[in-house]
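Asker: Handing you a structure now.
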Amino acid sequence: MTIEAPPARWTAQWKELYAEVITTGLCTGCAGCVVTCPHDVIGYEHEEGKYVPFHLEEELGADNCIHGEKGCTTCTRACPRFGAWESAADTHLFGRVRQPDEMAGIWRRLLLTRATDADQHAKGQDGGFVSAMLIWLLANDYIEAAMVSGVEDDDAWKAKPVLARTPQEVLATAGSRYTYCANPLALRDAKEAGLSRLALVGMGCQTSSPPIMWDRKAGKASRPFLFNIGLLCSKTFDDAIFPELFEAKYGLAKADMLKMNIKGVFQVWMRDGSYHEIDLKECHHWTRTGCLHCPDFAAEHADISTGGIGEDNDWTLTIVRTELGEEVLDRMLADGTILARPAQEDEKAMKLLRLLSIVSRRRWPATADPAPAVGVPPPKKKAPTAEPAATASPS
Ligand SMILES: Cc1cc2nc3c(=O)[nH]c(=O)nc-3n(C[C@H](O)[C@H](O)[C@H](O)COP(=O)(O)OP(=O)(O)OC[C@H]3O[C@@H](n4cnc5c(N)ncnc54)[C@H](O)[C@@H]3O)c2cc1C
Ligand code: SF4
Ligand code: SF4
């Protein structure tokens with residue numbers, strides 16, 4: 001008879017999180033560790049150039065935690081960049097790790113969807129699917145509220161995490177802001193309001209956190225997260241892009257902007273009816289630091305992930321990943337809340353999904369857990385130019 005060794009005890013605390021994730025630049029600023037800390041000793045500033053957690057107690061310095069020394073491990077159990085996070089979340093959600101070729105993660109169905117309700121469709125960034133789904137989840141008592149991104153009262157483009165409890169609040173927060181918004185921070189408002197059945201809307205950096213918590217048995221902290229809706233994402237920008245690029249170079253004032261989107265270029269619609277395109281290469285300088293090493297374009301651990309890479313602007317690319325996601329999607333289709341068609345009809349979107357997933361995975365550092373880089377093809381070498389070297393030199 002062979003006696004199996006007991007599983008190794010999870011002992012990693014803030015000290016290990018700080019060394020492995022925060023000082024190495026892997027931290028995305030998702031705030032998973034912040035909202036789950038049972039001792040409330042992890043601080044976070046939802047501000048330009050910050051979005052990184054820090055320890056509030058000075059007792060053991062910035063890099064250690066007295067509660068951690070006494071056995072608290074919640075922060076590392078909640079962090080979707082600590083240790084072998086991709087394989088842990090994959091196995092927990094899908095019973096296996098992704099195949100090397102599954103660049104956009106594991107999924108059940110790929111669809112293009114749109115809300116049938118005209119208001120939901122008009123207010124949504126793409127097909128209004130996310131807002132339609134939140135309203136449906138509220139109406140059908142799957143959730144009591146959703147953690148989403150609202151905006152500041154005095155600035156329609158400064159994103160802030162908010163809790164949406166009604167269809168009106170969901171619609172008021174529809175659309176995309178391309179600056180960072182740590183939606184899990186809205187968990188604090190939910191706790192204050194005594195709400196415990198929640199959906200999280202967020203980019204992959206945020207929606208991987210609940211499955212990691214469930215897998216690593218973070219306990220009470222993980223229970224309110226019932227439904228995860230992911231947003232496909234290559235990067236977010238610093239808020240400084242508004243004054244320093246859009247306004248300074250193109251004269252586009254933030255206060256006059258009506259809508260923005262990214263479709264190969266940065267698209268901006270202004271209140272005066274004008275439309276502008278800005279080359280994405282120009283925007284790269286304002287990429288938020290927390291995105292530089294992120295390997296997850298396709299929000300691979302959400303119940304359903306959504307994006308706007310479809311050929312038609314007014315449909316949402318919808319990646320159904322979990323059984324729960326599929327159950328809700330089927331019910332929404334059956335009662336006419338949404339329309340859907342196979343995403344495979346849109347070959348360009350399928351190619352982009354794979355390509356952009358690969359591009360993001362290439363950013364993951366070789367010094368970290370290898371899983372996110374498994375199967376990633378190396379970049380194609382540029383063909384040498386036929387021109388003689390002398391003509392390429394500045395004259
Ligand atoms: C920062 C960011 C980058 C993105 N990058 C891509 C991309 O590269 N390719 C792609 O195909 N799709 C991208 N998307 C997803 C796309 O813009 C749409 O959000 C998605 O297609 C859903 O559209 P919808 O009409 O169904 O959603 P809607 O019904 O409009 O709902 C959108 C939801 O997103 C939330 N939200 C808005 N801004 C933020 C934010 N900054 N942080 C967190 N939550 C937010 C809103 O609160 C709302 O709940 C990105 C989204 C964001 C927020
Ligand atoms: S990635 Fe998220 S959970 Fe991990 S340290 Fe950063 S903010 Fe905390
Ligand atoms: S690229 Fe998107 S998913 Fe990745 S860390 Fe940045 S905001 Fe999060």
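Every chain in the structure tokens takes a letter, A first, then B, and so on in the order presented; its residues are numbered from 1, and the ligands are numbered from 1 following the presented order.
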Could you name the residues that touch Thr179 in chain A at 7 Å or less, counting only C-alpha atoms, but leaving out those on the same chain fewer than 3 positions away, as a count of residues only?
Answerer: 5
Asker: Can you pull out every residue with an atom within 7 Å of ligand 1? Use only C-alpha atoms and all ligand atoms and format it as a PyMOL selection string.
Answerer: chain A and resi 120+123-132+148-150+159+170+173-183+201-203+231-236+261-262+306-309+316-317
Asker: I'd like to know which residues of range 196-233 of chain A are helix (DSSP H, G or I) (by DSSP, run on the backbone); could you write them as a list in words?
Answerer: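 Taking range 196-233 of chain A and keeping helix (DSSP H, G or I) only, one gets Gly204, Cys205, Gln206, Thr207, Ser209, Pro210, Pro211, Ile212, Met213, Trp214, Asp215, Gly219, Lys220, Ala221 and Ser222 of chain A.
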Asker: Based on the selection just made, write C-alpha atoms of those residues as a compact mmCIF listing (two decimals), in the first residue's frame.
Answerer:
# COMPACT_ATOMS: atom_id res chain seq x y z
CA GLY A 204 -8.70 39.34 -17.26
CA CYS A 205 -6.41 40.63 -14.51
CA GLN A 206 -9.52 41.02 -12.33
CA THR A 207 -11.68 38.08 -13.37
CA SER A 209 -8.91 36.50 -9.04
CA PRO A 210 -12.14 34.77 -7.87
CA PRO A 211 -11.23 31.37 -9.43
CA ILE A 212 -7.79 31.65 -7.82
CA MET A 213 -9.43 32.36 -4.45
CA TRP A 214 -11.77 29.38 -4.85
CA ASP A 215 -8.90 27.11 -5.80
CA GLY A 219 -12.60 31.10 2.40
CA LYS A 220 -15.09 33.82 3.33
CA ALA A 221 -13.39 36.39 1.11
CA SER A 222 -14.22 34.50 -2.06
Asker: Given only C-alpha atoms as the basis, pick out the residue of A:Gly325, A:Pro295, A:Gly68, A:Gly194 nearest to Leu356 in chain A.
Answerer: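 Among the listed residues, the smallest separation from Leu356 in chain A belongs to A:Pro295.
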Asker: Report, in Å to a single decimal, how far apart atom 2 (Fe, counted along the ligand's line) of ligand 2 and CA of Ile42 in chain A are.
Answerer: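 Value for the CA of Ile42 in chain A-atom 2 (Fe, counted along the ligand's line) of ligand 2 distance: 11.1 Å.
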Asker: For Tyr18 in chain A, please output as number ranges by chain all residues within 9 Å (counting only C-alpha atoms; exclusion window: fewer than 4 positions along the same chain).
Answerer: A: 13-14, 22-24, 54, 62-64
Asker: Taking into account only C-alpha atoms and all ligand atoms, which residue in the set A:Pro167, A:Pro372, A:Gly230, A:Pro161 is nearest to ligand 3?
Answerer: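 When distances to ligand 3 are compared using only C-alpha atoms and all ligand atoms, the smallest one comes from A:Gly230.
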Asker: Rounded to one decimal in Å, what is the spacing between CA of Asp117 in chain A and CA of Ala340 in chain A?
Answerer: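 If I compute the distance from CA of Asp117 in chain A to CA of Ala340 in chain A, I get 13.6 Å.
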Asker: Dump as a Markdown table the rows for residues of chain A within 8 Å of ligand 2: closest atom pair and distance in Å with one decimal, only C-alpha atoms and all ligand atoms counted, ordered by chain and rising residue number.
Answerer:
| residue | atom | partner | partner_atom_place_in_ligand_line | distance |
| --- | --- | --- | --- | --- |
| A:Leu17 | CA | ligand 2 | 5 (S) | 6.2 |
| A:Tyr18 | CA | ligand 2 | 5 (S) | 7.1 |
| A:Val21 | CA | ligand 2 | 5 (S) | 5.8 |
| A:Ile22 | CA | ligand 2 | 5 (S) | 5.8 |
| A:Leu26 | CA | ligand 2 | 1 (S) | 6.7 |
| A:Cys27 | CA | ligand 2 | 6 (Fe) | 3.7 |
| A:Thr28 | CA | ligand 2 | 1 (S) | 4.6 |
| A:Gly29 | CA | ligand 2 | 7 (S) | 3.8 |
| A:Cys30 | CA | ligand 2 | 2 (Fe) | 4.0 |
| A:Ala31 | CA | ligand 2 | 7 (S) | 4.0 |
| A:Gly32 | CA | ligand 2 | 3 (S) | 4.1 |
| A:Cys33 | CA | ligand 2 | 3 (S) | 4.1 |
| A:Val34 | CA | ligand 2 | 8 (Fe) | 6.2 |
| A:Tyr51 | CA | ligand 2 | 7 (S) | 7.6 |
| A:Val52 | CA | ligand 2 | 7 (S) | 6.0 |
| A:Pro53 | CA | ligand 2 | 7 (S) | 5.6 |
| A:Cys75 | CA | ligand 2 | 3 (S) | 6.6 |
| A:Thr76 | CA | ligand 2 | 3 (S) | 7.2 |
| A:Ala78 | CA | ligand 2 | 3 (S) | 5.7 |
| A:Cys79 | CA | ligand 2 | 3 (S) | 3.5 |
| A:Pro80 | CA | ligand 2 | 4 (Fe) | 5.7 |
| A:Arg81 | CA | ligand 2 | 1 (S) | 5.3 |
| A:Phe82 | CA | ligand 2 | 4 (Fe) | 6.5 |
| A:Cys205 | CA | ligand 2 | 1 (S) | 7.2 |
| A:Gln206 | CA | ligand 2 | 2 (Fe) | 7.4 |
| A:Ser209 | CA | ligand 2 | 3 (S) | 7.1 |
